$ cat entry_36.txt   # compact mmCIF, C-alpha atoms
# COMPACT_ATOMS: atom_id res chain seq x y z
CA MET A 166 80.53 129.24 115.92
CA ASN A 167 77.53 127.73 117.55
CA GLY A 168 77.45 127.84 121.32
CA GLU A 169 75.15 124.88 121.80
CA LYS A 170 76.96 122.57 119.42
CA SER A 171 80.28 120.83 119.70
CA TYR A 172 82.01 119.48 116.61
CA ARG A 173 83.02 116.34 118.50
CA ARG A 174 79.39 115.66 119.45
CA GLU A 175 78.26 116.13 115.86
CA LEU A 176 81.00 113.79 114.65
CA LYS A 177 79.90 111.21 117.21
CA LYS A 178 76.29 111.46 116.01
CA ALA A 179 77.39 111.02 112.38
CA ALA A 180 79.59 108.06 113.33
CA ILE A 181 76.70 106.40 115.19
CA GLY A 182 74.58 106.79 112.04
CA ILE A 183 77.21 104.87 110.06
CA ILE A 184 77.75 102.25 112.78
CA ALA A 185 74.02 101.52 112.91
CA ILE A 186 73.95 100.43 109.27
CA LEU A 187 77.20 98.44 109.42
CA PRO A 188 75.40 95.04 109.37
CA MET A 189 73.55 96.05 106.19
CA MET A 190 76.71 97.48 104.65
CA LEU A 191 78.75 94.36 105.50
CA GLY A 192 76.01 92.26 103.89
CA ILE A 193 76.23 94.30 100.70
CA VAL A 194 80.04 94.10 100.66
CA GLY A 195 79.68 90.32 101.11
CA LEU A 196 77.35 90.13 98.08
CA VAL A 197 79.79 92.24 96.05
CA GLY A 198 82.50 89.67 96.81
CA ILE A 199 80.24 86.78 95.78
CA PHE A 200 79.32 88.54 92.55
CA ARG A 201 82.91 89.27 91.57
CA ALA A 202 84.05 85.73 92.38
CA PHE A 203 81.18 83.86 90.73
CA VAL A 204 80.17 86.05 87.77
CA SER A 205 82.90 86.33 85.15
CA ARG A 206 83.29 88.94 82.39
CA GLU A 207 82.56 86.20 79.87
CA MET A 208 79.25 85.46 81.57
CA LEU A 209 78.29 89.15 81.38
CA ALA A 210 79.29 89.38 77.70
CA ALA A 211 77.21 86.28 76.93
CA VAL A 212 73.92 88.11 77.57
CA PHE A 213 74.33 90.11 74.33
CA THR A 214 72.84 88.60 71.17
CA GLY A 215 73.46 91.19 68.44
CA ASN A 216 69.95 92.69 68.36
CA VAL A 217 70.22 96.42 69.18
CA VAL A 218 66.91 96.67 71.08
CA SER A 219 67.27 93.54 73.18
CA ASP A 220 70.99 94.23 73.70
CA THR A 221 70.25 97.72 75.02
CA LEU A 222 67.80 96.22 77.50
CA ALA A 223 70.23 93.42 78.33
CA GLY A 224 73.01 95.98 78.82
CA THR A 225 70.85 97.92 81.28
CA VAL A 226 69.96 94.77 83.24
CA ALA A 227 73.54 93.44 83.21
CA GLY A 228 74.90 96.78 84.43
CA MET A 229 72.22 96.90 87.12
CA ILE A 230 73.25 93.49 88.45
CA ALA A 231 76.99 94.07 88.08
CA VAL A 232 78.99 95.69 90.85
CA GLY A 233 82.39 97.32 91.00
CA GLN A 234 84.30 100.48 90.22
CA ALA A 235 83.02 102.60 87.31
CA ILE A 236 86.40 102.26 85.58
CA VAL A 237 85.85 98.49 85.33
CA SER A 238 82.61 99.12 83.41
CA TYR A 239 84.47 101.40 80.96
CA ILE A 240 87.14 98.77 80.33
CA LEU A 241 84.56 96.01 80.01
CA GLY A 242 82.46 98.28 77.75
CA GLY A 243 85.49 98.85 75.52
CA GLU A 244 86.00 95.07 75.26
CA LEU A 245 82.32 94.56 74.38
CA LEU A 246 82.59 97.18 71.60
CA GLU A 247 85.60 95.31 70.19
CA GLN A 248 83.51 92.13 70.21
CA GLY A 249 80.97 93.90 67.99
CA ILE A 250 78.33 94.67 70.61
CA SER A 251 76.37 97.82 69.67
CA LEU A 252 77.27 101.13 71.29
CA TYR A 253 73.63 101.44 72.46
CA ALA A 254 73.98 98.29 74.56
CA VAL A 255 77.42 99.23 75.84
CA ALA A 256 76.27 102.76 76.73
CA ALA A 257 73.28 101.37 78.64
CA PHE A 258 75.56 98.86 80.37
CA VAL A 259 78.12 101.48 81.45
CA LEU A 260 75.43 103.90 82.62
CA SER A 261 73.34 101.40 84.57
CA TRP A 262 76.53 100.06 86.20
CA VAL A 263 76.93 103.38 88.05
CA THR A 264 73.30 104.49 88.46
CA LEU A 265 71.50 101.25 89.37
CA GLY A 266 72.38 98.52 91.82
CA VAL A 267 70.37 95.48 92.74
CA VAL A 268 72.79 94.64 95.54
CA GLN A 269 72.28 97.93 97.37
CA LEU A 270 68.47 97.99 97.06
CA PRO A 271 67.79 96.53 100.54
CA LEU A 272 69.92 99.22 102.19
CA GLU A 273 68.39 102.02 100.10
CA ALA A 274 64.89 100.83 101.02
CA GLU A 275 65.83 100.55 104.69
CA VAL A 276 67.36 104.02 104.84
CA LEU A 277 65.23 106.03 102.38
CA GLY A 278 61.99 104.07 102.37
CA LEU A 279 60.59 101.43 100.01
CA ARG A 280 58.32 103.82 98.08
CA PHE A 281 61.10 106.29 97.30
CA THR A 282 63.50 103.46 96.41
CA ILE A 283 61.06 101.90 93.93
CA LEU A 284 60.26 105.28 92.37
CA ARG A 285 63.90 106.37 92.09
CA ASN A 286 65.14 103.07 90.67
CA THR A 287 62.27 102.77 88.19
CA LEU A 288 63.00 106.27 86.90
CA ALA A 289 66.73 105.56 86.81
CA PHE A 290 66.09 102.37 84.80
CA VAL A 291 63.94 104.16 82.20
CA PHE A 292 66.24 107.18 81.98
CA THR A 293 69.33 105.01 81.65
CA ILE A 294 67.93 103.54 78.42
CA LEU A 295 66.77 106.95 77.15
CA THR A 296 70.07 108.66 78.04
CA ALA A 297 72.17 105.91 76.46
CA VAL A 298 70.17 105.99 73.21
CA ALA A 299 70.16 109.84 73.09
CA ALA A 300 73.94 109.99 73.71
CA VAL A 301 74.68 107.50 70.92
CA TRP A 302 72.32 109.27 68.49
CA SER A 303 73.86 112.67 69.29
CA ALA A 304 77.44 111.36 68.98
CA GLN A 305 76.64 109.72 65.63
CA TRP A 306 74.90 112.89 64.41
CA LEU A 307 77.98 114.97 65.27
CA GLN A 308 80.29 112.58 63.48
CA MET B 37 61.14 99.04 107.67
CA ALA B 38 62.04 102.40 109.10
CA ALA B 39 61.11 104.61 106.19
CA VAL B 40 61.76 108.27 106.83
CA THR B 41 58.86 110.26 105.52
CA GLY B 42 59.85 113.80 106.33
CA PRO B 43 61.34 116.13 108.91
CA GLN B 44 61.28 114.61 112.39
CA LYS B 45 62.27 116.19 115.66
CA ALA B 46 62.13 113.22 118.03
CA PRO B 47 65.60 111.88 118.95
CA ARG B 48 66.45 108.57 117.38
CA ARG B 49 67.13 105.47 119.44
CA PHE B 50 70.13 103.46 118.35
CA ARG B 51 69.39 100.17 116.68
CA TRP B 52 71.35 97.91 114.38
CA ARG B 53 69.92 97.83 110.88
CA GLY B 54 70.19 94.93 108.45
CA VAL B 55 71.10 92.19 110.94
CA LYS B 56 68.76 89.72 109.21
CA PHE B 57 70.17 90.67 105.81
CA LEU B 58 73.75 90.14 107.02
CA SER B 59 72.74 86.80 108.57
CA GLY B 60 71.30 85.76 105.19
CA VAL B 61 74.56 86.68 103.43
CA ILE B 62 76.57 84.68 106.01
CA VAL B 63 74.31 81.66 105.44
CA LEU B 64 74.83 82.12 101.67
CA TYR B 65 78.62 82.12 102.20
CA LEU B 66 78.40 78.92 104.25
CA ALA B 67 76.27 77.23 101.57
CA LEU B 68 78.64 78.37 98.80
CA TYR B 69 81.66 77.23 100.82
CA PHE B 70 80.45 73.62 100.73
CA TRP B 71 79.70 73.93 96.99
CA ARG B 72 82.72 75.91 95.72
CA GLU B 73 85.27 76.29 98.52
CA GLU B 74 87.98 78.04 96.50
CA GLN B 75 85.64 80.57 94.84
CA THR B 76 83.94 81.30 98.15
CA MET B 77 87.29 82.07 99.77
CA GLU B 78 88.06 84.33 96.79
CA ALA B 79 84.71 86.06 97.34
CA LEU B 80 85.60 86.57 101.00
CA ARG B 81 89.00 88.01 100.11
CA THR B 82 87.37 90.30 97.53
CA SER B 83 84.85 91.48 100.13
CA LEU B 84 87.63 92.29 102.57
CA GLY B 85 89.34 94.27 99.80
CA VAL B 86 86.13 96.19 99.08
CA LEU B 87 85.72 96.85 102.79
CA ALA B 88 89.26 98.25 102.96
CA GLU B 89 88.38 100.52 100.01
CA ILE B 90 85.21 101.95 101.52
CA VAL B 91 86.41 102.45 105.12
CA PRO B 92 88.32 105.67 104.25
CA ILE B 93 85.26 106.90 102.33
CA LEU B 94 83.07 106.25 105.37
CA PHE B 95 85.44 108.36 107.48
CA VAL B 96 85.13 111.17 104.92
CA VAL B 97 81.32 110.85 105.05
CA VAL B 98 81.38 111.05 108.88
CA PHE B 99 83.55 114.18 108.79
CA ILE B 100 81.39 115.85 106.13
CA ALA B 101 78.17 114.97 107.97
CA GLY B 102 79.65 116.22 111.26
CA ALA B 103 80.80 119.46 109.62
CA ILE B 104 77.41 120.04 107.98
CA HIS B 105 75.68 119.60 111.33
CA TYR B 106 78.13 121.81 113.15
CA TRP B 107 78.37 124.70 110.71
CA LEU B 108 75.00 124.66 109.07
CA ASP B 109 71.85 125.53 110.87
CA PRO B 110 69.18 122.94 109.94
CA LYS B 111 66.78 125.80 109.21
CA LYS B 112 69.26 127.36 106.78
CA LEU B 113 69.93 123.97 105.26
CA ALA B 114 66.22 123.42 104.77
CA ARG B 115 66.04 126.78 103.00
CA HIS B 116 68.83 125.75 100.59
CA LEU B 117 67.77 122.15 100.05
CA GLY B 118 64.27 122.01 101.45
CA GLU B 119 60.81 123.15 100.45
CA GLU B 120 61.84 126.80 100.08
CA ALA B 121 64.82 126.02 97.85
CA GLY B 122 64.70 126.92 94.18
CA TRP B 123 67.03 126.49 91.23
CA HIS B 124 70.15 126.85 93.39
CA GLY B 125 68.99 123.75 95.30
CA TRP B 126 69.07 121.78 92.05
CA LEU B 127 72.54 123.14 91.28
CA ILE B 128 73.81 122.06 94.71
CA ALA B 129 72.27 118.58 94.37
CA LEU B 130 73.62 118.04 90.84
CA GLY B 131 77.06 119.50 91.67
CA ALA B 132 77.35 117.41 94.84
CA GLY B 133 76.40 114.30 92.87
CA ILE B 134 79.02 114.95 90.21
CA LEU B 135 81.74 115.63 92.79
CA SER B 136 80.91 112.79 95.20
CA HIS B 137 83.09 109.68 95.27
CA GLY B 138 82.80 106.12 96.49
CA PRO B 139 79.91 103.68 96.38
CA MET B 140 76.37 105.03 96.51
CA TYR B 141 75.54 103.20 99.75
CA ALA B 142 78.33 104.99 101.61
CA TRP B 143 76.29 108.20 101.24
CA TYR B 144 72.98 106.80 102.51
CA PRO B 145 73.47 107.73 106.21
CA MET B 146 74.32 111.34 105.38
CA ILE B 147 71.44 111.63 102.92
CA GLU B 148 69.07 110.14 105.50
CA ASP B 149 70.27 112.67 108.04
CA LEU B 150 69.88 115.63 105.67
CA ARG B 151 66.45 114.33 104.71
CA ARG B 152 65.43 114.44 108.33
CA HIS B 153 66.32 118.13 108.23
CA GLY B 154 64.14 118.75 105.20
CA LEU B 155 66.22 117.70 102.17
CA ARG B 156 63.76 117.24 99.29
CA ASP B 157 63.40 113.80 97.72
CA GLY B 158 63.76 115.31 94.25
CA TYR B 159 67.23 116.56 95.15
CA ILE B 160 68.15 113.09 96.47
CA ALA B 161 67.09 111.45 93.18
CA ALA B 162 69.03 114.10 91.21
CA PHE B 163 72.10 113.67 93.45
CA PHE B 164 72.18 109.90 93.00
CA TYR B 165 71.80 110.01 89.21
CA ALA B 166 74.31 112.84 88.73
CA ARG B 167 76.88 110.59 90.40
CA ALA B 168 77.10 108.80 87.02
CA VAL B 169 79.31 111.66 85.79
CA LYS B 170 82.74 110.63 87.01
CA VAL B 171 84.95 113.65 86.36
CA PRO B 172 88.30 111.94 87.14
CA LEU B 173 87.39 109.08 84.77
CA LEU B 174 86.33 111.25 81.81
CA PRO B 175 89.70 110.86 80.00
CA ILE B 176 89.32 107.07 80.22
CA MET B 177 85.80 107.26 78.83
CA VAL B 178 87.03 109.46 75.98
CA HIS B 179 89.75 106.88 75.29
CA TYR B 180 87.26 104.01 74.97
CA PHE B 181 84.20 105.75 73.50
CA GLY B 182 85.42 109.01 71.95
CA TRP B 183 84.85 112.60 73.04
CA PRO B 184 81.49 113.23 71.28
CA PHE B 185 79.87 110.29 73.09
CA THR B 186 81.49 111.23 76.41
CA LEU B 187 80.39 114.86 76.05
CA PHE B 188 76.77 114.05 75.16
CA LEU B 189 76.48 111.27 77.74
CA SER B 190 77.72 113.57 80.52
CA LEU B 191 75.35 116.38 79.48
CA TYR B 192 72.37 114.04 79.18
CA ILE B 193 73.13 112.41 82.54
CA VAL B 194 72.90 115.81 84.25
CA LEU B 195 69.70 116.61 82.34
CA ALA B 196 68.22 113.17 83.17
CA ALA B 197 69.15 113.64 86.83
CA TRP B 198 67.27 116.94 86.95
CA ILE B 199 64.21 115.52 85.14
CA GLN B 200 64.09 112.51 87.48
CA GLY B 201 64.29 114.81 90.50
CA TRP B 202 61.47 116.92 89.05
CA ILE B 203 59.31 113.81 88.42
CA VAL B 204 59.93 112.58 91.97
CA GLU B 205 58.75 115.97 93.29
CA LYS B 206 55.61 115.83 91.12
CA VAL B 207 54.79 112.23 92.08
CA GLU B 208 55.27 112.90 95.78
CA SER B 209 53.27 116.11 95.75

$ encode --input "entry_36.txt" --output "structure tokens"
Amino acid sequence: MNGEKSYRRELKKAAIGIIAILPMMLGIVGLVGIFRAFVSREMLAAVFTGNVVSDTLAGTVAGMIAVGQAIVSYILGGELLEQGISLYAVAAFVLSWVTLGVVQLPLEAEVLGLRFTILRNTLAFVFTILTAVAAVWSAQWLQ
Amino acid sequence: MAAVTGPQKAPRRFRWRGVKFLSGVIVLYLALYFWREEQTMEALRTSLGVLAEIVPILFVVVFIAGAIHYWLDPKKLARHLGEEAGWHGWLIALGAGILSHGPMYAWYPMIEDLRRHGLRDGYIAAFFYARAVKVPLLPIMVHYFGWPFTLFLSLYIVLAAWIQGWIVEKVES
């Protein structure tokens, strides 16, 4: 398709890009392992106090620190709801779990720049709270 | 810090990134090993499991990045996702975010590469936030939280992703 390009060469360039960040990626994977082994579900649930406002903020922060598959956050969120935690807090927790990540911040800053990383994550933090609250309001309004 | 600030034409020299960070994590493991041996070994086993999960995703990322470079002319790409792009650029960024799988950091190299070819920062912010919509997991979310919440959350995530991308564009301009 393109005379000057070879697919193999382009693959090699892409692979080199991944290989170059392997140390950073291995470090993040290592932190994920530490988090999962040392921070239990009970410890995460303990940050909620019953106050909707502070719980929503706590949910955002807990989700930001937590790592793992999104499905785990849904299951954990379902358990929190059963324990009487407000849907606002659970929604913020589930959403920040997948949109924010303290563990991956060093790699994001290294690859995309510190300024962009701070801006993106600050916006994501604010919008996670707003989105969670708006979704709960809308769902309650419909019901 | 090797922050990429815009389109660059100079060839990159290979260098390992994050060696100090990895060294710090290794030191942390050693310190934790002497404190809680069993939990540290569990952490190590978990990390190896996570690594096994993301390796196939990294291969997918390499193949996608290679294909994009091979089939797409950087100038055309810049037109679709760069300064000249319009609403269809937002649709591509949001759609790609919704359809992408795996951890966010697995996509960093490809995003960095596209950014070098002119990908706008607003699209990157929108892409990353739109990833919160997990289409295959929607039935599970409905099961736990009900369909009205799932529906509104998904819609608002896409809207929030677009607004964040727009704000990033405004701040950077």

$ atom_distance --input "entry_36.txt" --atom1 "CA of Ile134 (chain B)" --atom2 "CA of Phe163 (chain B)"
7.7 Å

$ residues_around --input "entry_36.txt" --residues "region 178-192 of chain B" --least-positions-apart "2" --cutoff "12 Å" --atoms "all atoms listed in the file" --output "VMD selection string"
(chain A and resid 236 to 247 251 to 253 255 to 257 259 to 260 292 to 308) or (chain B and resid 130 134 165 to 176 194 to 200)

$ closest_residue --input "entry_36.txt" --among "A:Met208, A:Gln248, A:Gly224, A:Ser261" --to "chain B" --atoms "all atoms listed in the file"
A:Ser261

$ interface_residues --input "entry_36.txt" --of "chain B" --to "chain A" --cutoff "8 Å" --atoms "only C-alpha atoms" --output "ChimeraX atom specification"
/B:37-41,50-55,57-59,61-62,75-76,78-83,86-87,94,98-99,101-103,105-107,141,144-146,148,157,161,164-165,167-168,173,176-177,180-181,184-185,188-189,192-193,196,200,204

$ write_last_selection --input "entry_36.txt" --atoms "C-alpha atoms" --output "PDB file, in the frame of the given file"
ATOM      1  CA  MET B  37      61.140  99.040 107.670  1.00  0.00           C
ATOM      2  CA  ALA B  38      62.040 102.400 109.100  1.00  0.00           C
ATOM      3  CA  ALA B  39      61.110 104.610 106.190  1.00  0.00           C
ATOM      4  CA  VAL B  40      61.760 108.270 106.830  1.00  0.00           C
ATOM      5  CA  THR B  41      58.860 110.260 105.520  1.00  0.00           C
ATOM      6  CA  PHE B  50      70.130 103.460 118.350  1.00  0.00           C
ATOM      7  CA  ARG B  51      69.390 100.170 116.680  1.00  0.00           C
ATOM      8  CA  TRP B  52      71.350  97.910 114.380  1.00  0.00           C
ATOM      9  CA  ARG B  53      69.920  97.830 110.880  1.00  0.00           C
ATOM     10  CA  GLY B  54      70.190  94.930 108.450  1.00  0.00           C
ATOM     11  CA  VAL B  55      71.100  92.190 110.940  1.00  0.00           C
ATOM     12  CA  PHE B  57      70.170  90.670 105.810  1.00  0.00           C
ATOM     13  CA  LEU B  58      73.750  90.140 107.020  1.00  0.00           C
ATOM     14  CA  SER B  59      72.740  86.800 108.570  1.00  0.00           C
ATOM     15  CA  VAL B  61      74.560  86.680 103.430  1.00  0.00           C
ATOM     16  CA  ILE B  62      76.570  84.680 106.010  1.00  0.00           C
ATOM     17  CA  GLN B  75      85.640  80.570  94.840  1.00  0.00           C
ATOM     18  CA  THR B  76      83.940  81.300  98.150  1.00  0.00           C
ATOM     19  CA  GLU B  78      88.060  84.330  96.790  1.00  0.00           C
ATOM     20  CA  ALA B  79      84.710  86.060  97.340  1.00  0.00           C
ATOM     21  CA  LEU B  80      85.600  86.570 101.000  1.00  0.00           C
ATOM     22  CA  ARG B  81      89.000  88.010 100.110  1.00  0.00           C
ATOM     23  CA  THR B  82      87.370  90.300  97.530  1.00  0.00           C
ATOM     24  CA  SER B  83      84.850  91.480 100.130  1.00  0.00           C
ATOM     25  CA  VAL B  86      86.130  96.190  99.080  1.00  0.00           C
ATOM     26  CA  LEU B  87      85.720  96.850 102.790  1.00  0.00           C
ATOM     27  CA  LEU B  94      83.070 106.250 105.370  1.00  0.00           C
ATOM     28  CA  VAL B  98      81.380 111.050 108.880  1.00  0.00           C
ATOM     29  CA  PHE B  99      83.550 114.180 108.790  1.00  0.00           C
ATOM     30  CA  ALA B 101      78.170 114.970 107.970  1.00  0.00           C
ATOM     31  CA  GLY B 102      79.650 116.220 111.260  1.00  0.00           C
ATOM     32  CA  ALA B 103      80.800 119.460 109.620  1.00  0.00           C
ATOM     33  CA  HIS B 105      75.680 119.600 111.330  1.00  0.00           C
ATOM     34  CA  TYR B 106      78.130 121.810 113.150  1.00  0.00           C
ATOM     35  CA  TRP B 107      78.370 124.700 110.710  1.00  0.00           C
ATOM     36  CA  TYR B 141      75.540 103.200  99.750  1.00  0.00           C
ATOM     37  CA  TYR B 144      72.980 106.800 102.510  1.00  0.00           C
ATOM     38  CA  PRO B 145      73.470 107.730 106.210  1.00  0.00           C
ATOM     39  CA  MET B 146      74.320 111.340 105.380  1.00  0.00           C
ATOM     40  CA  GLU B 148      69.070 110.140 105.500  1.00  0.00           C
ATOM     41  CA  ASP B 157      63.400 113.800  97.720  1.00  0.00           C
ATOM     42  CA  ALA B 161      67.090 111.450  93.180  1.00  0.00           C
ATOM     43  CA  PHE B 164      72.180 109.900  93.000  1.00  0.00           C
ATOM     44  CA  TYR B 165      71.800 110.010  89.210  1.00  0.00           C
ATOM     45  CA  ARG B 167      76.880 110.590  90.400  1.00  0.00           C
ATOM     46  CA  ALA B 168      77.100 108.800  87.020  1.00  0.00           C
ATOM     47  CA  LEU B 173      87.390 109.080  84.770  1.00  0.00           C
ATOM     48  CA  ILE B 176      89.320 107.070  80.220  1.00  0.00           C
ATOM     49  CA  MET B 177      85.800 107.260  78.830  1.00  0.00           C
ATOM     50  CA  TYR B 180      87.260 104.010  74.970  1.00  0.00           C
ATOM     51  CA  PHE B 181      84.200 105.750  73.500  1.00  0.00           C
ATOM     52  CA  PRO B 184      81.490 113.230  71.280  1.00  0.00           C
ATOM     53  CA  PHE B 185      79.870 110.290  73.090  1.00  0.00           C
ATOM     54  CA  PHE B 188      76.770 114.050  75.160  1.00  0.00           C
ATOM     55  CA  LEU B 189      76.480 111.270  77.740  1.00  0.00           C
ATOM     56  CA  TYR B 192      72.370 114.040  79.180  1.00  0.00           C
ATOM     57  CA  ILE B 193      73.130 112.410  82.540  1.00  0.00           C
ATOM     58  CA  ALA B 196      68.220 113.170  83.170  1.00  0.00           C
ATOM     59  CA  GLN B 200      64.090 112.510  87.480  1.00  0.00           C
ATOM     60  CA  VAL B 204      59.930 112.580  91.970  1.00  0.00           C
TER      61      VAL B 204
END

$ atom_distance --input "entry_36.txt" --atom1 "CA of Val267 (chain A)" --atom2 "CA of Met140 (chain B)"
11.9 Å

$ atom_distance --input "entry_36.txt" --atom1 "CA of Phe258 (chain A)" --atom2 "CA of Ile230 (chain A)"
10.0 Å

$ closest_residue --input "entry_36.txt" --among "B:Leu150, B:Leu135, B:Gly125, B:Ala142" --to "Gly201 (chain B)" --atoms "only C-alpha atoms"
B:Gly125

$ residues_around --input "entry_36.txt" --residues "Ala129 (chain B)" --least-positions-apart "5" --cutoff "8 Å" --atoms "only C-alpha atoms" --output "list in words"
Tyr159, Ile160, Ala162 and Phe163 of chain B

$ closest_residue --input "entry_36.txt" --among "B:His137, B:Leu64, B:Ser209, B:Arg151" --to "Leu117 (chain B)" --atoms "only C-alpha atoms"
B:Arg151
